[in-house]
Each structure stands twice: as structure tokens, then as C-alpha cells.
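Text of start.cif, listed as mmCIF, N, CA and C atoms and all ligand atoms:
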```
data_model
#
loop_
_atom_site.label_atom_id
_atom_site.label_comp_id
_atom_site.auth_asym_id
_atom_site.auth_seq_id
_atom_site.Cartn_x
_atom_site.Cartn_y
_atom_site.Cartn_z
N MET A 1 0.84 -1.21 0.00
CA MET A 1 0.00 0.00 0.00
C MET A 1 0.87 1.25 0.00
N ASN A 2 0.42 2.22 -0.65
CA ASN A 2 1.15 3.47 -0.76
C ASN A 2 0.71 4.45 0.34
N ILE A 3 1.63 4.85 1.16
CA ILE A 3 1.28 5.76 2.24
C ILE A 3 1.54 7.18 1.81
N GLU A 4 0.60 8.03 2.06
CA GLU A 4 0.79 9.41 1.65
C GLU A 4 0.72 10.41 2.80
N PHE A 5 -0.20 10.14 3.74
CA PHE A 5 -0.41 11.15 4.79
C PHE A 5 -0.50 10.53 6.18
N CYS A 6 -0.14 11.31 7.15
CA CYS A 6 -0.44 10.96 8.54
C CYS A 6 -1.96 11.03 8.71
N PRO A 7 -2.57 9.99 9.29
CA PRO A 7 -4.03 10.00 9.44
C PRO A 7 -4.52 11.05 10.43
N ASN A 8 -3.63 11.55 11.24
CA ASN A 8 -4.02 12.53 12.25
C ASN A 8 -3.96 13.96 11.73
N CYS A 9 -2.87 14.31 11.06
CA CYS A 9 -2.71 15.70 10.63
C CYS A 9 -2.45 15.82 9.13
N SER A 10 -2.38 14.68 8.42
CA SER A 10 -2.18 14.68 6.98
C SER A 10 -0.82 15.18 6.52
N SER A 11 0.10 15.28 7.43
CA SER A 11 1.47 15.61 7.02
C SER A 11 2.05 14.43 6.25
N ASN A 12 2.93 14.72 5.30
CA ASN A 12 3.58 13.60 4.61
C ASN A 12 4.99 13.37 5.16
N GLN A 13 5.27 13.99 6.29
CA GLN A 13 6.58 13.81 6.90
C GLN A 13 6.47 12.83 8.06
N TYR A 14 6.85 11.57 7.78
CA TYR A 14 6.80 10.57 8.84
C TYR A 14 8.01 9.66 8.70
N VAL A 15 8.34 8.97 9.76
CA VAL A 15 9.50 8.07 9.73
C VAL A 15 9.07 6.69 10.21
N LYS A 16 9.79 5.69 9.75
CA LYS A 16 9.52 4.32 10.22
C LYS A 16 9.82 4.25 11.71
N SER A 17 8.96 3.53 12.43
CA SER A 17 9.16 3.45 13.87
C SER A 17 8.79 2.06 14.38
N GLY A 18 9.57 1.09 13.95
CA GLY A 18 9.37 -0.27 14.45
C GLY A 18 8.27 -1.02 13.72
N VAL A 19 8.16 -2.31 14.07
CA VAL A 19 7.14 -3.16 13.47
C VAL A 19 6.28 -3.74 14.58
N ILE A 20 4.97 -3.57 14.48
CA ILE A 20 4.05 -4.09 15.49
C ILE A 20 3.16 -5.13 14.84
N LYS A 21 3.16 -6.35 15.37
CA LYS A 21 2.34 -7.44 14.83
C LYS A 21 2.47 -7.53 13.30
N ASP A 22 3.70 -7.59 12.84
CA ASP A 22 4.01 -7.74 11.42
C ASP A 22 3.59 -6.56 10.56
N ARG A 23 3.24 -5.49 11.19
CA ARG A 23 2.92 -4.33 10.37
C ARG A 23 3.91 -3.21 10.65
N GLN A 24 4.35 -2.58 9.61
CA GLN A 24 5.25 -1.44 9.77
C GLN A 24 4.54 -0.32 10.52
N ARG A 25 5.22 0.19 11.52
CA ARG A 25 4.65 1.33 12.22
C ARG A 25 5.41 2.60 11.83
N TYR A 26 4.71 3.69 11.78
CA TYR A 26 5.31 4.97 11.43
C TYR A 26 5.03 6.00 12.51
N LYS A 27 5.89 6.97 12.57
CA LYS A 27 5.65 8.08 13.48
C LYS A 27 5.66 9.38 12.68
N CYS A 28 4.61 10.17 12.89
CA CYS A 28 4.53 11.45 12.20
C CYS A 28 5.51 12.42 12.83
N LYS A 29 6.32 13.08 11.98
CA LYS A 29 7.31 14.02 12.50
C LYS A 29 6.67 15.34 12.93
N LYS A 30 5.50 15.60 12.41
CA LYS A 30 4.85 16.87 12.73
C LYS A 30 4.07 16.81 14.05
N CYS A 31 3.19 15.79 14.17
CA CYS A 31 2.31 15.77 15.34
C CYS A 31 2.65 14.65 16.31
N GLY A 32 3.61 13.78 15.95
CA GLY A 32 4.01 12.73 16.87
C GLY A 32 3.09 11.53 16.91
N TYR A 33 2.10 11.48 16.04
CA TYR A 33 1.13 10.40 16.02
C TYR A 33 1.75 9.12 15.45
N TYR A 34 1.46 7.97 16.10
CA TYR A 34 1.93 6.68 15.60
C TYR A 34 0.83 6.02 14.78
N PHE A 35 1.19 5.43 13.66
CA PHE A 35 0.17 4.75 12.88
C PHE A 35 0.79 3.60 12.09
N THR A 36 -0.06 2.67 11.69
CA THR A 36 0.41 1.54 10.88
C THR A 36 -0.25 1.61 9.52
N VAL A 37 0.26 0.81 8.62
CA VAL A 37 -0.23 0.86 7.24
C VAL A 37 -1.72 0.58 7.14
N ASN A 38 -2.16 -0.45 7.85
CA ASN A 38 -3.57 -0.83 7.77
C ASN A 38 -4.50 0.30 8.21
N LYS A 39 -4.07 0.99 9.24
CA LYS A 39 -4.90 2.04 9.78
C LYS A 39 -5.13 3.16 8.76
N ILE A 40 -4.11 3.44 8.01
CA ILE A 40 -4.21 4.53 7.03
C ILE A 40 -5.30 4.27 6.00
N GLY A 41 -5.34 3.06 5.50
CA GLY A 41 -6.33 2.73 4.49
C GLY A 41 -7.74 3.00 4.98
N LYS A 42 -7.95 2.79 6.27
CA LYS A 42 -9.27 3.04 6.82
C LYS A 42 -9.55 4.52 7.01
N GLN A 43 -8.55 5.23 7.47
CA GLN A 43 -8.79 6.62 7.87
C GLN A 43 -8.98 7.55 6.68
N ILE A 44 -8.14 7.40 5.70
CA ILE A 44 -8.25 8.34 4.59
C ILE A 44 -8.66 7.62 3.32
N ASP A 45 -9.92 7.63 3.10
CA ASP A 45 -10.51 7.01 1.95
C ASP A 45 -10.38 7.99 0.79
N SER A 46 -9.95 7.49 -0.36
CA SER A 46 -9.75 8.42 -1.47
C SER A 46 -11.07 9.06 -1.92
N TYR A 47 -12.18 8.40 -1.58
CA TYR A 47 -13.50 8.99 -1.85
C TYR A 47 -13.59 10.38 -1.23
N TYR A 48 -13.13 10.50 0.03
CA TYR A 48 -13.24 11.78 0.71
C TYR A 48 -12.21 12.78 0.24
N VAL A 49 -11.07 12.29 -0.21
CA VAL A 49 -10.09 13.21 -0.79
C VAL A 49 -10.70 13.85 -2.04
N ASN A 50 -11.29 12.99 -2.88
CA ASN A 50 -11.92 13.50 -4.11
C ASN A 50 -13.04 14.47 -3.80
N LYS A 51 -13.90 14.11 -2.84
CA LYS A 51 -15.03 14.98 -2.50
C LYS A 51 -14.53 16.33 -1.98
N ALA A 52 -13.54 16.28 -1.12
CA ALA A 52 -13.03 17.52 -0.52
C ALA A 52 -12.49 18.44 -1.60
N LEU A 53 -11.73 17.86 -2.54
CA LEU A 53 -11.13 18.69 -3.59
C LEU A 53 -12.20 19.21 -4.56
N GLN A 54 -13.20 18.38 -4.79
CA GLN A 54 -14.31 18.79 -5.64
C GLN A 54 -15.03 20.00 -5.04
N LEU A 55 -15.33 19.90 -3.75
CA LEU A 55 -16.04 20.99 -3.07
C LEU A 55 -15.17 22.25 -3.03
N TYR A 56 -13.88 22.04 -2.86
CA TYR A 56 -12.96 23.19 -2.87
C TYR A 56 -13.04 23.91 -4.21
N LEU A 57 -13.03 23.13 -5.28
CA LEU A 57 -13.11 23.72 -6.62
C LEU A 57 -14.43 24.44 -6.86
N GLU A 58 -15.48 23.95 -6.19
CA GLU A 58 -16.79 24.59 -6.37
C GLU A 58 -16.92 25.88 -5.56
N GLY A 59 -15.86 26.25 -4.86
CA GLY A 59 -15.86 27.55 -4.20
C GLY A 59 -16.15 27.51 -2.71
N LEU A 60 -16.26 26.34 -2.12
CA LEU A 60 -16.50 26.27 -0.68
C LEU A 60 -15.21 26.55 0.09
N SER A 61 -15.37 27.09 1.28
CA SER A 61 -14.18 27.38 2.09
C SER A 61 -13.72 26.12 2.80
N TYR A 62 -12.48 26.16 3.28
CA TYR A 62 -11.94 25.00 4.02
C TYR A 62 -12.82 24.65 5.21
N ARG A 63 -13.29 25.67 5.91
CA ARG A 63 -14.12 25.42 7.09
C ARG A 63 -15.46 24.80 6.72
N GLU A 64 -16.01 25.23 5.62
CA GLU A 64 -17.28 24.64 5.16
C GLU A 64 -17.09 23.16 4.83
N ILE A 65 -16.01 22.87 4.13
CA ILE A 65 -15.75 21.47 3.75
C ILE A 65 -15.51 20.63 5.00
N GLU A 66 -14.81 21.22 5.94
CA GLU A 66 -14.56 20.53 7.21
C GLU A 66 -15.89 20.17 7.88
N ARG A 67 -16.80 21.11 7.89
CA ARG A 67 -18.10 20.91 8.54
C ARG A 67 -18.90 19.82 7.81
N ILE A 68 -18.88 19.85 6.49
CA ILE A 68 -19.69 18.93 5.71
C ILE A 68 -19.14 17.51 5.73
N LEU A 69 -17.85 17.38 5.53
CA LEU A 69 -17.26 16.04 5.40
C LEU A 69 -16.68 15.50 6.71
N GLY A 70 -16.54 16.39 7.69
CA GLY A 70 -15.93 15.95 8.94
C GLY A 70 -14.45 15.64 8.80
N ILE A 71 -13.81 16.31 7.86
CA ILE A 71 -12.37 16.15 7.67
C ILE A 71 -11.70 17.44 8.12
N SER A 72 -10.62 17.30 8.84
CA SER A 72 -9.91 18.48 9.33
C SER A 72 -9.51 19.41 8.17
N HIS A 73 -9.71 20.72 8.38
CA HIS A 73 -9.34 21.66 7.32
C HIS A 73 -7.84 21.60 7.03
N VAL A 74 -7.06 21.18 8.04
CA VAL A 74 -5.61 21.03 7.83
C VAL A 74 -5.33 19.96 6.77
N SER A 75 -6.08 18.86 6.84
CA SER A 75 -5.94 17.80 5.83
C SER A 75 -6.28 18.34 4.45
N ILE A 76 -7.37 19.10 4.39
CA ILE A 76 -7.84 19.60 3.09
C ILE A 76 -6.80 20.57 2.49
N ILE A 77 -6.28 21.44 3.34
CA ILE A 77 -5.26 22.38 2.87
C ILE A 77 -4.05 21.60 2.32
N ASN A 78 -3.68 20.52 3.01
CA ASN A 78 -2.55 19.71 2.55
C ASN A 78 -2.83 19.04 1.21
N TRP A 79 -4.06 18.57 1.02
CA TRP A 79 -4.41 17.92 -0.25
C TRP A 79 -4.41 18.94 -1.39
N VAL A 80 -4.95 20.12 -1.10
CA VAL A 80 -4.98 21.17 -2.13
C VAL A 80 -3.55 21.49 -2.58
N LYS A 81 -2.64 21.56 -1.60
CA LYS A 81 -1.24 21.82 -1.92
C LYS A 81 -0.63 20.65 -2.69
N LYS A 82 -0.87 19.45 -2.17
CA LYS A 82 -0.26 18.26 -2.75
C LYS A 82 -0.66 18.08 -4.21
N TYR A 83 -1.94 18.29 -4.50
CA TYR A 83 -2.41 18.08 -5.88
C TYR A 83 -2.40 19.37 -6.69
N ASN A 84 -1.87 20.41 -6.07
CA ASN A 84 -1.71 21.68 -6.76
C ASN A 84 -3.02 22.17 -7.39
N ILE A 85 -4.08 22.18 -6.58
CA ILE A 85 -5.40 22.58 -7.06
C ILE A 85 -5.53 24.10 -7.03
N LYS A 86 -5.93 24.65 -8.16
CA LYS A 86 -6.15 26.10 -8.20
C LYS A 86 -7.57 26.40 -8.61
N ARG A 87 -8.19 27.31 -7.88
CA ARG A 87 -9.57 27.67 -8.21
C ARG A 87 -9.61 28.76 -9.26
N PRO A 88 -10.59 28.69 -10.13
CA PRO A 88 -10.78 29.81 -11.06
C PRO A 88 -11.08 31.06 -10.23
N TYR A 89 -10.53 32.16 -10.61
CA TYR A 89 -10.67 33.39 -9.85
C TYR A 89 -11.88 34.16 -10.35
N SER A 90 -12.90 34.23 -9.54
CA SER A 90 -14.09 34.93 -9.99
C SER A 90 -14.93 35.47 -8.85
N PHE A 91 -15.33 36.72 -8.96
CA PHE A 91 -16.24 37.30 -7.99
C PHE A 91 -17.67 37.34 -8.52
N GLU A 92 -17.83 36.90 -9.74
CA GLU A 92 -19.12 37.05 -10.41
C GLU A 92 -20.20 36.16 -9.82
N TYR A 93 -19.77 35.00 -9.41
CA TYR A 93 -20.74 34.04 -8.90
C TYR A 93 -20.41 33.68 -7.46
N HIS A 94 -21.44 33.34 -6.73
CA HIS A 94 -21.14 32.74 -5.44
C HIS A 94 -21.96 31.47 -5.32
N SER A 95 -21.44 30.52 -4.56
CA SER A 95 -22.12 29.25 -4.47
C SER A 95 -22.78 29.07 -3.11
N THR A 96 -23.91 28.43 -3.12
CA THR A 96 -24.56 28.04 -1.87
C THR A 96 -24.82 26.55 -1.99
N TYR A 97 -25.05 25.90 -0.89
CA TYR A 97 -25.26 24.46 -0.97
C TYR A 97 -26.32 23.98 -0.01
N LYS A 98 -26.88 22.84 -0.32
CA LYS A 98 -27.85 22.15 0.53
C LYS A 98 -27.49 20.68 0.54
N ILE A 99 -27.77 20.02 1.67
CA ILE A 99 -27.62 18.58 1.75
C ILE A 99 -29.04 17.99 1.75
N LEU A 100 -29.33 17.16 0.76
CA LEU A 100 -30.69 16.64 0.61
C LEU A 100 -30.69 15.12 0.45
N ASN A 101 -31.80 14.50 0.83
CA ASN A 101 -31.95 13.08 0.49
C ASN A 101 -32.63 12.98 -0.87
N ALA A 102 -32.80 11.76 -1.35
CA ALA A 102 -33.29 11.56 -2.72
C ALA A 102 -34.68 12.18 -2.93
N VAL A 103 -35.56 12.06 -1.94
CA VAL A 103 -36.92 12.60 -2.06
C VAL A 103 -36.89 14.13 -2.11
N GLU A 104 -36.10 14.71 -1.23
CA GLU A 104 -35.99 16.17 -1.21
C GLU A 104 -35.38 16.70 -2.50
N LEU A 105 -34.45 15.92 -3.02
CA LEU A 105 -33.80 16.30 -4.27
C LEU A 105 -34.80 16.33 -5.42
N ALA A 106 -35.64 15.30 -5.49
CA ALA A 106 -36.66 15.22 -6.54
C ALA A 106 -37.62 16.41 -6.43
N LYS A 107 -37.96 16.75 -5.21
CA LYS A 107 -38.86 17.86 -4.96
C LYS A 107 -38.23 19.18 -5.42
N TYR A 108 -36.97 19.31 -5.12
CA TYR A 108 -36.24 20.52 -5.48
C TYR A 108 -36.26 20.73 -6.99
N PHE A 109 -36.01 19.65 -7.72
CA PHE A 109 -35.94 19.76 -9.17
C PHE A 109 -37.31 19.89 -9.83
N SER A 110 -38.36 19.59 -9.07
CA SER A 110 -39.70 19.71 -9.65
C SER A 110 -40.18 21.15 -9.63
N ASP A 111 -39.44 22.02 -8.96
CA ASP A 111 -39.86 23.41 -8.87
C ASP A 111 -38.98 24.28 -9.78
N ASN A 112 -39.62 24.83 -10.81
CA ASN A 112 -38.90 25.66 -11.78
C ASN A 112 -38.13 26.82 -11.16
N LYS A 113 -38.73 27.38 -10.13
CA LYS A 113 -38.12 28.55 -9.47
C LYS A 113 -36.70 28.25 -9.02
N ASN A 114 -36.46 27.00 -8.65
CA ASN A 114 -35.15 26.63 -8.13
C ASN A 114 -34.10 26.49 -9.22
N LEU A 115 -34.54 26.44 -10.46
CA LEU A 115 -33.61 26.14 -11.54
C LEU A 115 -33.29 27.33 -12.43
N ILE A 116 -34.22 28.27 -12.51
CA ILE A 116 -34.04 29.39 -13.42
C ILE A 116 -33.02 30.39 -12.88
N GLY A 117 -32.09 30.79 -13.73
CA GLY A 117 -31.12 31.81 -13.36
C GLY A 117 -29.98 31.32 -12.49
N ALA A 118 -29.87 30.01 -12.35
CA ALA A 118 -28.79 29.49 -11.52
C ALA A 118 -28.34 28.14 -12.06
N GLY A 119 -27.08 27.86 -11.96
CA GLY A 119 -26.57 26.54 -12.32
C GLY A 119 -26.55 25.68 -11.07
N VAL A 120 -26.75 24.40 -11.28
CA VAL A 120 -26.80 23.49 -10.13
C VAL A 120 -25.99 22.24 -10.47
N ILE A 121 -25.20 21.78 -9.54
CA ILE A 121 -24.65 20.44 -9.69
C ILE A 121 -25.00 19.62 -8.45
N VAL A 122 -25.06 18.31 -8.64
CA VAL A 122 -25.38 17.41 -7.54
C VAL A 122 -24.25 16.41 -7.42
N THR A 123 -23.79 16.20 -6.22
CA THR A 123 -22.76 15.20 -6.01
C THR A 123 -23.16 14.31 -4.83
N GLU A 124 -22.85 13.05 -4.96
CA GLU A 124 -23.19 12.12 -3.89
C GLU A 124 -22.36 12.43 -2.65
N LEU A 125 -22.99 12.29 -1.50
CA LEU A 125 -22.28 12.55 -0.25
C LEU A 125 -22.74 11.52 0.77
N GLY A 126 -21.99 10.44 0.89
CA GLY A 126 -22.42 9.36 1.77
C GLY A 126 -23.77 8.82 1.33
N ASP A 127 -24.78 8.85 2.23
CA ASP A 127 -26.09 8.34 1.85
C ASP A 127 -27.03 9.46 1.43
N LYS A 128 -26.49 10.69 1.31
CA LYS A 128 -27.31 11.82 0.86
C LYS A 128 -26.69 12.45 -0.39
N PHE A 129 -27.25 13.57 -0.77
CA PHE A 129 -26.74 14.28 -1.93
C PHE A 129 -26.48 15.73 -1.57
N MET A 130 -25.47 16.24 -2.19
CA MET A 130 -25.18 17.64 -1.97
C MET A 130 -25.45 18.39 -3.25
N LEU A 131 -26.20 19.44 -3.09
CA LEU A 131 -26.57 20.25 -4.23
C LEU A 131 -25.85 21.58 -4.10
N ILE A 132 -25.10 21.93 -5.13
CA ILE A 132 -24.39 23.20 -5.12
C ILE A 132 -24.96 24.07 -6.22
N LYS A 133 -25.25 25.30 -5.85
CA LYS A 133 -25.94 26.19 -6.76
C LYS A 133 -25.13 27.49 -6.91
N TRP A 134 -25.02 27.98 -8.11
CA TRP A 134 -24.36 29.26 -8.32
C TRP A 134 -25.36 30.33 -8.67
N GLU A 135 -25.18 31.46 -8.08
CA GLU A 135 -26.00 32.59 -8.48
C GLU A 135 -25.10 33.76 -8.79
N ARG A 136 -25.48 34.50 -9.80
CA ARG A 136 -24.70 35.66 -10.19
C ARG A 136 -25.02 36.78 -9.20
N PHE A 137 -23.96 37.44 -8.73
CA PHE A 137 -24.20 38.58 -7.83
C PHE A 137 -24.99 39.65 -8.57
N LYS A 138 -25.98 40.16 -7.90
CA LYS A 138 -26.79 41.20 -8.53
C LYS A 138 -26.03 42.53 -8.46
N GLY A 139 -25.77 43.12 -9.62
CA GLY A 139 -24.97 44.34 -9.68
C GLY A 139 -25.67 45.57 -9.31
ZN ZN B 1 0.68 13.88 12.00
#
```

For this file, produce the structure as C-alpha cells.
Ligand SMILES: [Zn+2]
Amino acid sequence: MNIEFCPNCSSNQYVKSGVIKDRQRYKCKKCGYYFTVNKIGKQIDSYYVNKALQLYLEGLSYREIERILGISHVSIINWVKKYNIKRPYSFEYHSTYKILNAVELAKYFSDNKNLIGAGVIVTELGDKFMLIKWERFKG
């Protein structure tokens, strides 16, 4: 398995620190957290890395993403740096979001008012859906 981040603080600076029950143990140089290879696979699912970066690109702040996904904003900042993600620079639009289940989502789309004059994307989020909407700032 390929190790990339400390599961506690997402730093990529760690050192080997002994072997426990046939598993390599590592120690994070930044926060001092000990972890093994197996643990990492559980803690940082690439699903959440993708979601976090997606939401970042859609204009959400680190704190918002932290609140929605339950991932430390420090981790998200590290991923943005690691993958060199840059947001398009624009003040023209701002995004708002809602977390909806499938029924609420269907209801939302059945109302024309919700769709006119705004772009909407929907992304899966665990067992719910996240709807992100852009509206042009009124000049
Ligand atoms: Zn750490």
C-alpha cells in the first residue's frame, strides 16, 4: 500500500518506527502520532479526498468542507497543496449548498423557481446528496 499522509494531521513527513504485529509502524514528524499501514487505508478514503477537492473547486471554504465532510481543514489544505489545485478566480458568482436526500432532491428539481437563473450540480455525499448552486451577484 502506498502511504501518503499521517491519518491525524495529513502531514507527509513521517518516519519508520518499528514493526508491530508484522505491520510497519510509522511516526509522524509533525504531530508525533503513531500509525500503521492498515490504519491509514481506513482513515483516509480516497473517496473523501476526491469529495473535498471537488467541493474546494466549487468555491467552498476550508471550514465549510470541514463541517460537511468531517475532515480536518488542515488535511484539506494539505491535499490542495499536494495536488496543486487552483480555483478559477471569480467574484461574479457565489455558491450556496444544501444537503438533501433523494426525495428532497426530486422535490427541489420539480420546482422551476429553483432552476431558473442558476446553475446546479449534484454530487453524492455518503447516503445523501449535496446540491451546489451558483447565483450571479446582482450588480
Ligand atoms: Zn501527524

If you count all atoms listed in the file, which residues fall within 8 Å of A:Tyr33, apart from same-chain ones fewer than 3 positions away, as a ChimeraX atom specification? /A:6-9,26-30,36

Distance in Å - atom N of A:Met130 versus atom CA of A:Lys98: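 For atom N of A:Met130 relative to atom CA of A:Lys98, the distance reads 6.9 Å.
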
Using DSSP assignments from the backbone, pull out every residue in chain A that falls under alpha helix (DSSP H) and give it to me as a PyMOL selection string. chain A and resi 37-43+46-57+62-69+73-82+102-109

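Note that atom CA of A:Asp45 and atom CA of A:Ser61 are 20.7 Å apart.
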
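Take the candidates A:Ser17, A:Arg23, A:Gly32, A:Ser95 and check each one against ligand ZN 1 (chain B) using only N, CA and C atoms and all ligand atoms; the shortest distance goes to A:Gly32.
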
How far is it from atom CA of A:Tyr48 to atom CA of A:Gly70, in Å with one decimal? 9.6 Å

Within 12 Å of A:Leu55, counting only C-alpha atoms, which residues show up once you throw out same-chain ones fewer than 5 positions away? Write them as a PyMOL selection string, please. chain A and resi 48-50+60-69+76+80+85+87+95-97+121-125+130-133

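Nearest-residue note for ligand ZN 1 (chain B): choosing from A:Ile71, A:Val19, A:Cys31, A:Leu105, the minimum distance belongs to A:Cys31, counting only C-alpha atoms and all ligand atoms.
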
Considering only C-alpha atoms, state which residue in the set A:Gln13, A:Val74, A:Lys86, A:Asp111 is at the smallest distance from A:Gly59.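 Selected residue with least distance to A:Gly59: A:Lys86.
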
DSSP strand (DSSP E) residues within chain A, listed as a VMD selection string: chain A and resid 14 to 20 23 to 28 34 to 36 93 to 100 118 to 125 128 to 136
